[in-house]
>>> print(open('entry_5.txt').read())   # compact mmCIF, C-alpha atoms
# COMPACT_ATOMS: atom_id res chain seq x y z
CA LEU P 1 12.07 -29.74 -36.14
CA ARG P 2 11.20 -26.20 -35.04
CA GLN P 3 8.10 -27.64 -33.38
CA SER P 4 9.96 -30.55 -31.78
CA GLN P 5 11.77 -30.75 -28.46
CA CYS P 6 15.04 -31.51 -30.20
CA VAL P 7 17.63 -29.24 -28.56
CA LEU P 8 19.62 -30.39 -25.51
CA THR P 9 20.00 -27.81 -22.73
CA SER P 10 22.68 -27.27 -20.08
CA ASP P 11 20.44 -28.81 -17.41
CA GLY P 12 19.90 -32.00 -19.44
CA ARG P 13 16.44 -31.33 -20.87
CA TRP P 14 15.20 -31.40 -24.46
CA LEU P 15 13.30 -28.26 -25.43
CA LEU P 16 11.83 -26.51 -28.43
CA PRO P 17 14.56 -24.51 -30.25
CA GLU P 18 12.72 -21.22 -29.57
CA ASN P 19 13.08 -21.84 -25.82
CA VAL P 20 16.85 -22.35 -25.96
CA LEU P 21 19.56 -19.68 -25.90
CA PHE P 22 23.20 -19.89 -26.89
CA PRO P 23 25.41 -19.66 -23.76
CA PRO P 24 26.06 -16.04 -22.73
CA ALA P 25 29.44 -14.59 -23.55
CA GLY P 26 31.59 -11.87 -22.00
CA GLU P 27 30.11 -10.00 -19.03
CA PHE P 28 26.79 -11.88 -19.30
CA GLU P 29 28.60 -15.10 -18.40
CA LYS P 30 29.23 -13.73 -14.87
CA LEU P 31 25.82 -12.14 -14.45
CA VAL P 32 23.36 -14.76 -15.71
CA THR P 33 22.93 -18.46 -14.94
CA CYS P 34 20.80 -21.19 -16.47
CA ASP P 35 18.65 -21.15 -13.33
CA ASP P 36 18.02 -17.42 -13.89
CA VAL P 37 16.71 -17.81 -17.43
CA GLY P 38 14.76 -20.91 -16.42
CA SER P 39 12.92 -19.39 -13.45
CA CYS P 40 12.45 -15.91 -14.89
CA MET P 41 12.10 -16.48 -18.66
CA GLU P 42 11.13 -20.15 -18.98
CA LYS P 43 14.11 -20.69 -21.27
CA ALA P 44 17.42 -22.54 -20.94
CA PHE P 45 20.98 -22.34 -22.24
CA LEU P 46 22.30 -24.76 -24.83
CA SER P 47 24.19 -27.78 -23.51
CA PRO P 48 27.98 -27.22 -23.25
CA HIS P 49 28.41 -30.68 -24.81
CA ILE P 50 27.33 -29.27 -28.18
CA ASP P 51 30.46 -28.07 -30.00
CA LEU P 52 29.70 -24.56 -31.23
CA GLY P 53 33.21 -24.34 -32.64
CA VAL P 54 31.80 -26.09 -35.67
CA SER P 55 30.20 -23.25 -37.62
CA LYS P 56 27.63 -25.44 -39.33
CA ILE P 57 26.23 -26.57 -35.97
CA ARG P 58 25.62 -22.95 -34.87
CA THR P 59 24.08 -22.16 -38.25
CA VAL P 60 21.70 -25.11 -38.07
CA LEU P 61 20.66 -24.29 -34.51
CA SER P 62 20.13 -20.63 -35.43
CA ASN P 63 17.94 -21.65 -38.36
CA LEU P 64 15.89 -23.83 -36.02
CA GLY P 65 15.27 -20.89 -33.69
CA VAL P 66 18.00 -20.98 -31.03
CA SER P 67 18.97 -17.36 -30.36
CA ASN P 68 21.85 -15.47 -28.77
CA PHE P 69 21.41 -14.12 -25.26
CA SER P 70 21.06 -10.39 -25.99
CA VAL P 71 20.75 -7.08 -24.18
CA SER P 72 16.98 -7.27 -24.62
CA HIS P 73 16.96 -10.65 -22.86
CA PHE P 74 19.00 -9.12 -20.06
CA ILE P 75 16.59 -6.19 -19.62
CA GLN P 76 13.74 -8.71 -19.59
CA LEU P 77 15.50 -10.53 -16.75
CA LEU P 78 16.05 -7.30 -14.83
CA SER P 79 12.34 -6.55 -15.11
CA ASN P 80 11.58 -9.72 -13.16
CA GLN P 81 12.07 -8.91 -9.44
CA LYS P 82 12.73 -12.57 -8.69
CA PHE P 83 15.96 -12.34 -10.69
CA LEU P 84 17.63 -9.72 -8.45
CA SER P 85 15.96 -10.47 -5.13
CA SER P 86 18.74 -12.75 -3.85
CA LYS P 87 21.77 -11.02 -5.38
CA SER P 88 24.56 -9.59 -3.22
CA PRO P 89 25.76 -5.95 -3.21
CA ASP P 90 28.89 -7.12 -5.09
CA TYR P 91 26.67 -8.55 -7.83
CA PHE P 92 24.91 -5.18 -8.15
CA ILE P 93 28.25 -3.37 -8.45
CA ASN P 94 29.13 -5.61 -11.43
CA LEU P 95 25.63 -5.09 -12.82
CA TYR P 96 25.93 -1.28 -12.61
CA LYS P 97 29.31 -1.43 -14.34
CA VAL P 98 27.70 -3.21 -17.30
CA LEU P 99 24.62 -0.96 -17.37
CA SER P 100 26.82 2.15 -17.22
CA ARG P 101 28.69 0.99 -20.31
CA TYR P 102 25.46 0.12 -22.09
CA LEU P 103 24.13 3.61 -21.40
CA SER P 104 27.36 5.20 -22.64
CA GLU P 105 27.28 3.13 -25.83
CA SER P 106 23.49 3.56 -26.31
CA PHE P 107 22.72 -0.16 -26.07
CA VAL P 108 20.09 0.84 -23.51
CA THR P 109 18.48 4.17 -22.74
CA LYS P 110 17.80 5.91 -19.46
CA ALA P 111 14.07 5.72 -20.26
CA SER P 112 14.20 1.93 -20.71
CA LEU P 113 15.51 1.54 -17.15
CA GLN P 114 13.04 3.85 -15.41
CA GLY P 115 10.56 1.07 -14.65
CA VAL P 116 13.15 -1.60 -13.82
CA ALA P 117 13.59 -2.34 -10.10
CA CYS P 118 17.38 -2.63 -10.27
CA LEU P 119 18.36 -0.26 -7.44
CA LEU P 120 19.26 -1.90 -4.12
CA LEU P 121 18.51 0.23 -1.06
CA ASP P 122 20.38 0.04 2.21
CA ASP P 123 17.45 -1.78 3.83
CA GLY P 124 17.59 -4.52 1.15
CA THR P 125 14.54 -3.49 -0.88
CA LEU P 126 14.60 -3.05 -4.66
CA VAL P 127 13.18 0.08 -6.31
CA THR P 128 13.01 1.66 -9.75
CA PRO P 129 14.75 4.92 -10.75
CA LYS P 130 11.32 6.53 -11.17
CA SER P 131 10.08 5.55 -7.69
CA GLY P 132 10.96 8.97 -6.28
CA PRO P 133 13.97 10.85 -4.91
CA LEU P 134 16.77 8.42 -4.06
CA TYR P 135 20.08 9.30 -2.49
CA MET P 136 23.59 7.92 -2.37
CA CYS P 137 24.91 7.39 1.13
CA SER P 138 27.13 10.19 2.45
CA GLU P 139 30.72 9.64 3.62
CA GLU P 140 29.62 9.88 7.25
CA GLY P 141 26.67 7.58 6.63
CA VAL P 142 28.93 4.81 5.30
CA HIS P 143 30.60 4.54 8.71
CA GLN P 144 27.69 5.44 10.96
CA LEU P 145 24.18 5.90 9.61
CA HIS P 146 22.32 8.67 11.45
CA GLU P 147 18.91 7.71 12.79
CA PHE P 148 17.28 10.25 10.47
CA GLU P 149 19.21 8.97 7.44
CA ALA P 150 17.75 5.54 8.14
CA THR P 151 14.30 6.97 7.27
CA LEU P 152 15.49 8.04 3.79
CA PRO P 153 15.50 5.95 0.58
CA LEU P 154 19.29 5.47 0.58
CA LEU P 155 21.12 3.31 -1.94
CA HIS P 156 23.10 0.52 -0.30
CA ARG P 157 26.16 1.91 1.48
CA ALA P 158 28.37 -0.74 -0.17
CA PHE P 159 28.09 1.26 -3.40
CA HIS P 160 29.69 4.39 -1.92
CA GLY P 161 33.27 3.36 -2.70
CA SER P 162 32.52 2.01 -6.18
CA SER P 163 33.32 4.49 -8.93
CA THR P 164 31.45 2.40 -11.52
CA ALA P 165 28.30 2.23 -9.38
CA VAL P 166 28.44 5.97 -8.67
CA ALA P 167 28.92 6.67 -12.40
CA PHE P 168 25.80 4.64 -13.18
CA PHE P 169 23.77 6.45 -10.50
CA GLN P 170 24.82 9.80 -11.91
CA GLN P 171 23.89 8.68 -15.43
CA ILE P 172 20.31 7.96 -14.32
CA GLY P 173 20.03 11.20 -12.34
CA LEU P 174 20.56 10.19 -8.70
CA LYS P 175 22.27 12.51 -6.24
CA GLU P 176 24.70 12.07 -3.37
CA ALA P 177 22.89 12.52 -0.09
CA SER P 178 24.75 15.51 1.32
CA ALA P 179 23.15 17.09 4.38
CA LYS P 180 22.48 20.22 2.32
CA THR P 181 20.68 18.23 -0.40
CA ILE P 182 18.59 16.37 2.16
CA ALA P 183 17.74 19.61 3.96
CA VAL P 184 16.64 21.45 0.82
CA GLU P 185 14.86 18.60 -0.97
CA ARG P 186 13.59 16.41 1.82
CA ILE P 187 13.38 18.13 5.20
CA ILE P 188 12.31 21.73 4.58
CA PRO P 189 9.37 20.92 2.24
CA SER P 190 8.04 18.35 4.75
CA LEU P 191 8.65 19.98 8.13
CA ARG P 192 5.08 21.14 8.72
CA LYS P 193 3.76 17.65 7.96
CA MET P 194 6.27 15.76 10.11
CA PRO P 195 5.39 14.24 13.48
CA THR P 196 7.17 16.00 16.36
CA GLU P 197 9.64 13.14 16.85
CA ASP P 198 10.69 13.33 13.17
CA VAL P 199 11.19 17.11 13.41
CA ILE P 200 13.50 16.53 16.38
CA LEU P 201 15.41 13.82 14.48
CA ALA P 202 15.77 16.03 11.41
CA THR P 203 17.02 18.94 13.53
CA GLN P 204 19.56 16.71 15.28
CA TYR P 205 20.73 15.35 11.92
CA LEU P 206 21.31 18.82 10.46
CA LYS P 207 23.01 20.02 13.64
CA GLU P 208 25.52 17.16 13.35
CA ARG P 209 26.00 17.04 9.57
CA LEU P 210 25.37 20.49 8.08
CA ASP P 211 28.46 22.57 7.30
CA ALA P 212 28.69 26.39 7.10
CA SER P 213 27.65 26.64 3.44
CA GLY P 214 24.72 24.32 4.13
CA CYS P 215 23.61 26.45 7.05
CA ASP P 216 23.66 29.54 4.83
CA ALA P 217 21.52 27.73 2.25
CA VAL P 218 18.77 26.74 4.69
CA LYS P 219 18.80 29.34 7.46
CA ASP P 220 16.01 31.47 5.93
CA LYS P 221 13.76 28.47 5.26
CA PHE P 222 14.36 26.08 8.12
CA LEU P 223 11.90 25.87 11.01
CA LEU P 224 12.69 24.97 14.61
CA LEU P 225 10.43 23.42 17.19
CA THR P 226 9.61 25.89 19.98
CA SER P 227 9.01 25.16 23.65
CA GLU P 228 5.27 25.60 22.95
CA GLY P 229 5.39 22.84 20.32
CA HIS P 230 4.95 24.88 17.16
CA LEU P 231 7.44 25.66 14.38
CA ALA P 232 9.15 29.03 13.90
CA ARG P 233 12.00 30.52 11.91
CA PRO P 234 15.35 30.65 13.73
CA MET P 235 15.51 34.46 13.66
CA GLU P 236 12.22 34.59 15.57
CA LEU P 237 13.61 32.60 18.51
CA LEU P 238 15.89 33.14 21.49
CA ILE P 239 18.43 30.56 22.64
CA PRO P 240 17.27 29.36 26.07
CA SER P 241 19.42 28.59 29.10
CA PRO P 242 21.49 26.57 29.71
CA TYR P 243 22.64 26.81 26.05
CA ASN P 244 22.92 30.60 26.06
CA PRO P 245 25.82 32.03 28.11
CA CYS P 246 23.75 35.20 28.62
CA PRO P 247 20.75 34.33 30.86
CA VAL P 248 18.21 36.21 28.73
CA GLN P 249 15.22 34.37 30.17
CA GLU P 250 16.17 35.18 33.73
CA ILE P 251 16.76 38.85 32.88
CA LEU P 252 13.39 39.09 31.16
CA GLN P 253 11.67 37.39 34.09
CA ASP P 254 13.24 39.91 36.49
>>> encode(input="entry_5.txt", output="structure tokens")
Amino acid sequence: LRQSQCVLTSDGRWLLPENVLFPPAGEFEKLVTCDDVGSCMEKAFLSPHIDLGVSKIRTVLSNLGVSNFSVSHFIQLLSNQKFLSSKSPDYFINLYKVLSRYLSESFVTKASLQGVACLLLDDGTLVTPKSGPLYMCSEEGVHQLHEFEATLPLLHRAFHGSSTAVAFFQQIGLKEASAKTIAVERIIPSLRKMPTEDVILATQYLKERLDASGCDAVKDKFLLLTSEGHLARPMELLIPSPYNPCPVQEILQD
């Protein structure tokens, strides 16, 4: 019987026992459908018409090769980009709640998720935790994304208000995208390689979003674009008119 298509599935097919899974229970029931396991794993869930309340039926099916839907099956699904490609931000919030608990209870490890493209960015793409620096959207960015922020790998802004999603991001080492963090980790190391238009955008972004403590952290390292088109440290520059109430340029010209 193990080599026979003798088990009825939820979509009305008869399959080999090894290709059939017992219906998911608990949180899996809301996260996984028969279509998911069919398209991504070439398996199917057992027909709901089979009464698993009878213990002997479950025992017989288990002996034939029908298995429980497990955490390892779930990670296998997550590893298939087709599985998550059409899911909504709300689905991902529920997903991160489950993964956060699994990490806390050691059902999965941080290392096992590093290559899984389970992180939804604000532009709709999916990336892995190891794909590079990723940032959580700032409070200001949730309401109005700055043009420079739009160039960053930002997690979807819908996650900002979700404590469970934020807890999961922190567990896997992601950081909130404060202006100070972006300045220190993203802007300053790349300034000399940036096109002029990106330097201007970055400067505008920091002018609007950086607070006093952030300014203190970057003032000795940040570079500004000069009127001649090269980069210089702020202390090497003069504020030109009409921004400077003291007309230094005019005085020097006289």
>>> residues_around(input="entry_5.txt", residues="P:Lys130", least_positions_apart="3", cutoff="12 Å", atoms="all atoms listed in the file", output="PDB file with C-alpha atoms, in the frame of the given file")
ATOM      1  CA  LYS P 110      17.800   5.910 -19.460  1.00  0.00           C
ATOM      2  CA  ALA P 111      14.070   5.720 -20.260  1.00  0.00           C
ATOM      3  CA  SER P 112      14.200   1.930 -20.710  1.00  0.00           C
ATOM      4  CA  LEU P 113      15.510   1.540 -17.150  1.00  0.00           C
ATOM      5  CA  GLN P 114      13.040   3.850 -15.410  1.00  0.00           C
ATOM      6  CA  GLY P 115      10.560   1.070 -14.650  1.00  0.00           C
ATOM      7  CA  VAL P 116      13.150  -1.600 -13.820  1.00  0.00           C
ATOM      8  CA  ALA P 117      13.590  -2.340 -10.100  1.00  0.00           C
ATOM      9  CA  CYS P 118      17.380  -2.630 -10.270  1.00  0.00           C
ATOM     10  CA  LEU P 119      18.360  -0.260  -7.440  1.00  0.00           C
ATOM     11  CA  VAL P 127      13.180   0.080  -6.310  1.00  0.00           C
ATOM     12  CA  PRO P 133      13.970  10.850  -4.910  1.00  0.00           C
ATOM     13  CA  LEU P 134      16.770   8.420  -4.060  1.00  0.00           C
ATOM     14  CA  ILE P 172      20.310   7.960 -14.320  1.00  0.00           C
ATOM     15  CA  GLY P 173      20.030  11.200 -12.340  1.00  0.00           C
ATOM     16  CA  LEU P 174      20.560  10.190  -8.700  1.00  0.00           C
TER      17      LEU P 174
END
>>> residues_around(input="entry_5.txt", residues="stretch 209-214 of chain P", least_positions_apart="2", cutoff="12 Å", atoms="only C-alpha atoms", output="count of residues only")
30
>>> residues_around(input="entry_5.txt", residues="stretch 19-25 of chain P", least_positions_apart="2", cutoff="7 Å", atoms="all atoms listed in the file", output="PDB file with C-alpha atoms, in the frame of the given file")
ATOM      1  CA  LEU P  15      13.300 -28.260 -25.430  1.00  0.00           C
ATOM      2  CA  LEU P  16      11.830 -26.510 -28.430  1.00  0.00           C
ATOM      3  CA  PRO P  17      14.560 -24.510 -30.250  1.00  0.00           C
ATOM      4  CA  GLU P  27      30.110 -10.000 -19.030  1.00  0.00           C
ATOM      5  CA  PHE P  28      26.790 -11.880 -19.300  1.00  0.00           C
ATOM      6  CA  GLU P  29      28.600 -15.100 -18.400  1.00  0.00           C
ATOM      7  CA  LYS P  43      14.110 -20.690 -21.270  1.00  0.00           C
ATOM      8  CA  ALA P  44      17.420 -22.540 -20.940  1.00  0.00           C
ATOM      9  CA  PHE P  45      20.980 -22.340 -22.240  1.00  0.00           C
ATOM     10  CA  LEU P  46      22.300 -24.760 -24.830  1.00  0.00           C
ATOM     11  CA  VAL P  66      18.000 -20.980 -31.030  1.00  0.00           C
ATOM     12  CA  SER P  67      18.970 -17.360 -30.360  1.00  0.00           C
ATOM     13  CA  ASN P  68      21.850 -15.470 -28.770  1.00  0.00           C
ATOM     14  CA  PHE P  69      21.410 -14.120 -25.260  1.00  0.00           C
TER      15      PHE P  69
END
>>> residues_around(input="entry_5.txt", residues="P:His230", least_positions_apart="5", cutoff="10 Å", atoms="all atoms listed in the file", output="CSV table (one decimal) with C-alpha atoms, in the coordinates of the input")
chain,number,residue,atom,x,y,z
P,192,ARG,CA,5.1,21.1,8.7
P,196,THR,CA,7.2,16.0,16.4
P,223,LEU,CA,11.9,25.9,11.0
P,224,LEU,CA,12.7,25.0,14.6
P,225,LEU,CA,10.4,23.4,17.2
>>> atom_distance(input="entry_5.txt", atom1="atom CA of P:Val54", atom2="atom CA of P:Cys6")
18.4 Å
>>> atom_distance(input="entry_5.txt", atom1="atom CA of P:Asp123", atom2="atom CA of P:Val32")
24.2 Å
>>> residues_near_point(input="entry_5.txt", point="(25.2, -7.0, 1.6)", cutoff="10 Å", atoms="all atoms listed in the file", output="number ranges by chain")
P: 87-92, 120, 122-124, 156-158
>>> write_last_selection(input="entry_5.txt", atoms="C-alpha atoms", output="compact mmCIF listing (two decimals), in the frame of the given file")
# COMPACT_ATOMS: atom_id res chain seq x y z
CA LYS P 87 21.77 -11.02 -5.38
CA SER P 88 24.56 -9.59 -3.22
CA PRO P 89 25.76 -5.95 -3.21
CA ASP P 90 28.89 -7.12 -5.09
CA TYR P 91 26.67 -8.55 -7.83
CA PHE P 92 24.91 -5.18 -8.15
CA LEU P 120 19.26 -1.90 -4.12
CA ASP P 122 20.38 0.04 2.21
CA ASP P 123 17.45 -1.78 3.83
CA GLY P 124 17.59 -4.52 1.15
CA HIS P 156 23.10 0.52 -0.30
CA ARG P 157 26.16 1.91 1.48
CA ALA P 158 28.37 -0.74 -0.17
>>> closest_residue(input="entry_5.txt", among="P:Thr9, P:Glu185, P:Leu103, P:Gln171", to="P:Gly132", atoms="all atoms listed in the file")
P:Glu185
>>> closest_residue(input="entry_5.txt", among="P:Val98, P:Met41, P:Leu52, P:Leu8", to="P:Lys82", atoms="all atoms listed in the file")
P:Met41
>>> closest_residue(input="entry_5.txt", among="P:Ser72, P:Ala232, P:Ser163, P:Ser55", to="P:Ser100", atoms="only C-alpha atoms")
P:Ser163
>>> axis_aligned_box(input="entry_5.txt", around="stretch 12-21 of chain P", padding_each_side="6 Å", output="JSON")
{"center_x": 15.9, "center_y": -25.8, "center_z": -24.8, "size_x": 20.1, "size_y": 24.3, "size_z": 22.8}
>>> atom_distance(input="entry_5.txt", atom1="atom CA of P:Ser85", atom2="atom CA of P:Ser70")
21.5 Å
>>> closest_residue(input="entry_5.txt", among="P:Thr109, P:Thr125, P:Ser47, P:Ser104", to="P:Ser86", atoms="all atoms listed in the file")
P:Thr125
>>> closest_residue(input="entry_5.txt", among="P:Leu191, P:Cys34, P:Val60, P:Asp51", to="P:Gly12", atoms="only C-alpha atoms")
P:Cys34
>>> decode(input="entry_5.txt", residues="stretch 211-232 of chain P", atoms="N, CA, C and O atoms", output="PDB file, in the first residue's frame")
ATOM      1  N   ASP P 211      18.665  64.797  14.391  1.00  0.00           N
ATOM      2  CA  ASP P 211      18.512  65.629  15.587  1.00  0.00           C
ATOM      3  C   ASP P 211      19.884  66.057  16.104  1.00  0.00           C
ATOM      4  O   ASP P 211      20.917  65.766  15.495  1.00  0.00           O
ATOM      5  N   ALA P 212      19.905  66.755  17.249  1.00  0.00           N
ATOM      6  CA  ALA P 212      21.156  67.328  17.772  1.00  0.00           C
ATOM      7  C   ALA P 212      22.198  66.257  18.069  1.00  0.00           C
ATOM      8  O   ALA P 212      23.379  66.402  17.730  1.00  0.00           O
ATOM      9  N   SER P 213      21.760  65.147  18.703  1.00  0.00           N
ATOM     10  CA  SER P 213      22.734  64.094  19.038  1.00  0.00           C
ATOM     11  C   SER P 213      23.270  63.442  17.767  1.00  0.00           C
ATOM     12  O   SER P 213      24.441  63.064  17.695  1.00  0.00           O
ATOM     13  N   GLY P 214      22.418  63.327  16.755  1.00  0.00           N
ATOM     14  CA  GLY P 214      22.870  62.776  15.479  1.00  0.00           C
ATOM     15  C   GLY P 214      23.873  63.676  14.803  1.00  0.00           C
ATOM     16  O   GLY P 214      24.867  63.212  14.236  1.00  0.00           O
ATOM     17  N   CYS P 215      23.630  64.967  14.875  1.00  0.00           N
ATOM     18  CA  CYS P 215      24.582  65.932  14.292  1.00  0.00           C
ATOM     19  C   CYS P 215      25.942  65.824  14.961  1.00  0.00           C
ATOM     20  O   CYS P 215      26.982  65.855  14.297  1.00  0.00           O
ATOM     21  N   ASP P 216      25.945  65.685  16.284  1.00  0.00           N
ATOM     22  CA  ASP P 216      27.211  65.550  17.015  1.00  0.00           C
ATOM     23  C   ASP P 216      27.959  64.293  16.591  1.00  0.00           C
ATOM     24  O   ASP P 216      29.188  64.265  16.537  1.00  0.00           O
ATOM     25  N   ALA P 217      27.200  63.229  16.275  1.00  0.00           N
ATOM     26  CA  ALA P 217      27.823  61.947  15.922  1.00  0.00           C
ATOM     27  C   ALA P 217      28.472  61.975  14.549  1.00  0.00           C
ATOM     28  O   ALA P 217      29.422  61.236  14.290  1.00  0.00           O
ATOM     29  N   VAL P 218      27.972  62.820  13.646  1.00  0.00           N
ATOM     30  CA  VAL P 218      28.461  62.777  12.260  1.00  0.00           C
ATOM     31  C   VAL P 218      29.235  64.017  11.825  1.00  0.00           C
ATOM     32  O   VAL P 218      29.829  64.023  10.751  1.00  0.00           O
ATOM     33  N   LYS P 219      29.245  65.062  12.655  1.00  0.00           N
ATOM     34  CA  LYS P 219      29.785  66.339  12.177  1.00  0.00           C
ATOM     35  C   LYS P 219      31.257  66.278  11.785  1.00  0.00           C
ATOM     36  O   LYS P 219      31.699  67.028  10.902  1.00  0.00           O
ATOM     37  N   ASP P 220      32.041  65.390  12.418  1.00  0.00           N
ATOM     38  CA  ASP P 220      33.469  65.308  12.089  1.00  0.00           C
ATOM     39  C   ASP P 220      33.748  64.401  10.899  1.00  0.00           C
ATOM     40  O   ASP P 220      34.873  64.352  10.400  1.00  0.00           O
ATOM     41  N   LYS P 221      32.719  63.668  10.436  1.00  0.00           N
ATOM     42  CA  LYS P 221      32.927  62.708   9.352  1.00  0.00           C
ATOM     43  C   LYS P 221      32.145  63.050   8.089  1.00  0.00           C
ATOM     44  O   LYS P 221      32.490  62.589   7.010  1.00  0.00           O
ATOM     45  N   PHE P 222      31.109  63.846   8.249  1.00  0.00           N
ATOM     46  CA  PHE P 222      30.249  64.137   7.110  1.00  0.00           C
ATOM     47  C   PHE P 222      30.947  65.089   6.134  1.00  0.00           C
ATOM     48  O   PHE P 222      31.766  65.919   6.525  1.00  0.00           O
ATOM     49  N   LEU P 223      30.609  64.939   4.863  1.00  0.00           N
ATOM     50  CA  LEU P 223      31.172  65.793   3.819  1.00  0.00           C
ATOM     51  C   LEU P 223      30.043  66.529   3.111  1.00  0.00           C
ATOM     52  O   LEU P 223      28.981  65.960   2.856  1.00  0.00           O
ATOM     53  N   LEU P 224      30.293  67.794   2.788  1.00  0.00           N
ATOM     54  CA  LEU P 224      29.304  68.601   2.076  1.00  0.00           C
ATOM     55  C   LEU P 224      29.801  68.928   0.674  1.00  0.00           C
ATOM     56  O   LEU P 224      31.004  69.046   0.447  1.00  0.00           O
ATOM     57  N   LEU P 225      28.862  69.062  -0.228  1.00  0.00           N
ATOM     58  CA  LEU P 225      29.190  69.411  -1.603  1.00  0.00           C
ATOM     59  C   LEU P 225      29.461  70.911  -1.696  1.00  0.00           C
ATOM     60  O   LEU P 225      28.645  71.725  -1.269  1.00  0.00           O
ATOM     61  N   THR P 226      30.605  71.279  -2.243  1.00  0.00           N
ATOM     62  CA  THR P 226      30.974  72.693  -2.354  1.00  0.00           C
ATOM     63  C   THR P 226      30.468  73.277  -3.670  1.00  0.00           C
ATOM     64  O   THR P 226      30.015  72.556  -4.561  1.00  0.00           O
ATOM     65  N   SER P 227      30.577  74.600  -3.787  1.00  0.00           N
ATOM     66  CA  SER P 227      30.139  75.266  -5.017  1.00  0.00           C
ATOM     67  C   SER P 227      30.985  74.858  -6.216  1.00  0.00           C
ATOM     68  O   SER P 227      30.569  74.988  -7.365  1.00  0.00           O
ATOM     69  N   GLU P 228      32.206  74.347  -5.951  1.00  0.00           N
ATOM     70  CA  GLU P 228      33.072  73.873  -7.041  1.00  0.00           C
ATOM     71  C   GLU P 228      32.786  72.424  -7.418  1.00  0.00           C
ATOM     72  O   GLU P 228      33.398  71.877  -8.339  1.00  0.00           O
ATOM     73  N   GLY P 229      31.886  71.755  -6.660  1.00  0.00           N
ATOM     74  CA  GLY P 229      31.501  70.397  -7.004  1.00  0.00           C
ATOM     75  C   GLY P 229      32.291  69.304  -6.335  1.00  0.00           C
ATOM     76  O   GLY P 229      32.113  68.133  -6.658  1.00  0.00           O
ATOM     77  N   HIS P 230      33.178  69.651  -5.397  1.00  0.00           N
ATOM     78  CA  HIS P 230      33.884  68.592  -4.666  1.00  0.00           C
ATOM     79  C   HIS P 230      33.369  68.528  -3.232  1.00  0.00           C
ATOM     80  O   HIS P 230      32.579  69.376  -2.802  1.00  0.00           O
ATOM     81  N   LEU P 231      33.804  67.513  -2.485  1.00  0.00           N
ATOM     82  CA  LEU P 231      33.328  67.305  -1.120  1.00  0.00           C
ATOM     83  C   LEU P 231      34.340  67.830  -0.110  1.00  0.00           C
ATOM     84  O   LEU P 231      35.549  67.688  -0.302  1.00  0.00           O
ATOM     85  N   ALA P 232      33.846  68.433   0.964  1.00  0.00           N
ATOM     86  CA  ALA P 232      34.722  68.968   2.005  1.00  0.00           C
ATOM     87  C   ALA P 232      34.033  68.840   3.355  1.00  0.00           C
ATOM     88  O   ALA P 232      32.800  68.740   3.440  1.00  0.00           O
TER      89      ALA P 232
END
